[in-house]
Amino acid sequence: MDESLPKLDRAAYVAEMRAEFERTLQEVADAVDDAPAGRAIRDSEERARNALDRFRRVAYERAIHLKIDAAEGAEETGG
């Protein structure tokens, strides 16, 4: 018996995450631009890291959610 779960819809996942990725890049750019002269790294690193950490978490959580949705959809259709 094959125990594998159906694949998540990668096109849907990428489409959903694209806006989140762009938001993250804007946050990183804002963090760097908002830092005063001579303090770009010191005053932007934490904000940039937090934005990137949030993106990593959201990307992973969304992938897991889509995988669960795909499995539940397969159960409902008998596949």
# chains A, B, ... in the order shown; residues from 1 in each chain; ligands from 1
>>> residues_around(residues="range 22-30 of chain A", least_positions_apart="4", cutoff="8 Å", atoms="only C-alpha atoms", output="list in words")
Arg18, Asp34, Ser44, Arg47, Ala48, Ala51, Leu52 and Phe55 of chain A
>>> closest_residue(among="A:Ala63, A:Val32, A:Ala19, A:Val14", to="Arg49 in chain A", atoms="only C-alpha atoms")
A:Val32
>>> closest_residue(among="A:Ala71, A:Ala31, A:Met17, A:Ala37", to="Val58 in chain A", atoms="only C-alpha atoms")
A:Met17
>>> atom_distance(atom1="CA of Arg10 in chain A", atom2="CA of Leu66 in chain A")
9.0 Å
>>> atom_distance(atom1="CA of Ala12 in chain A", atom2="CA of Gly73 in chain A")
15.0 Å
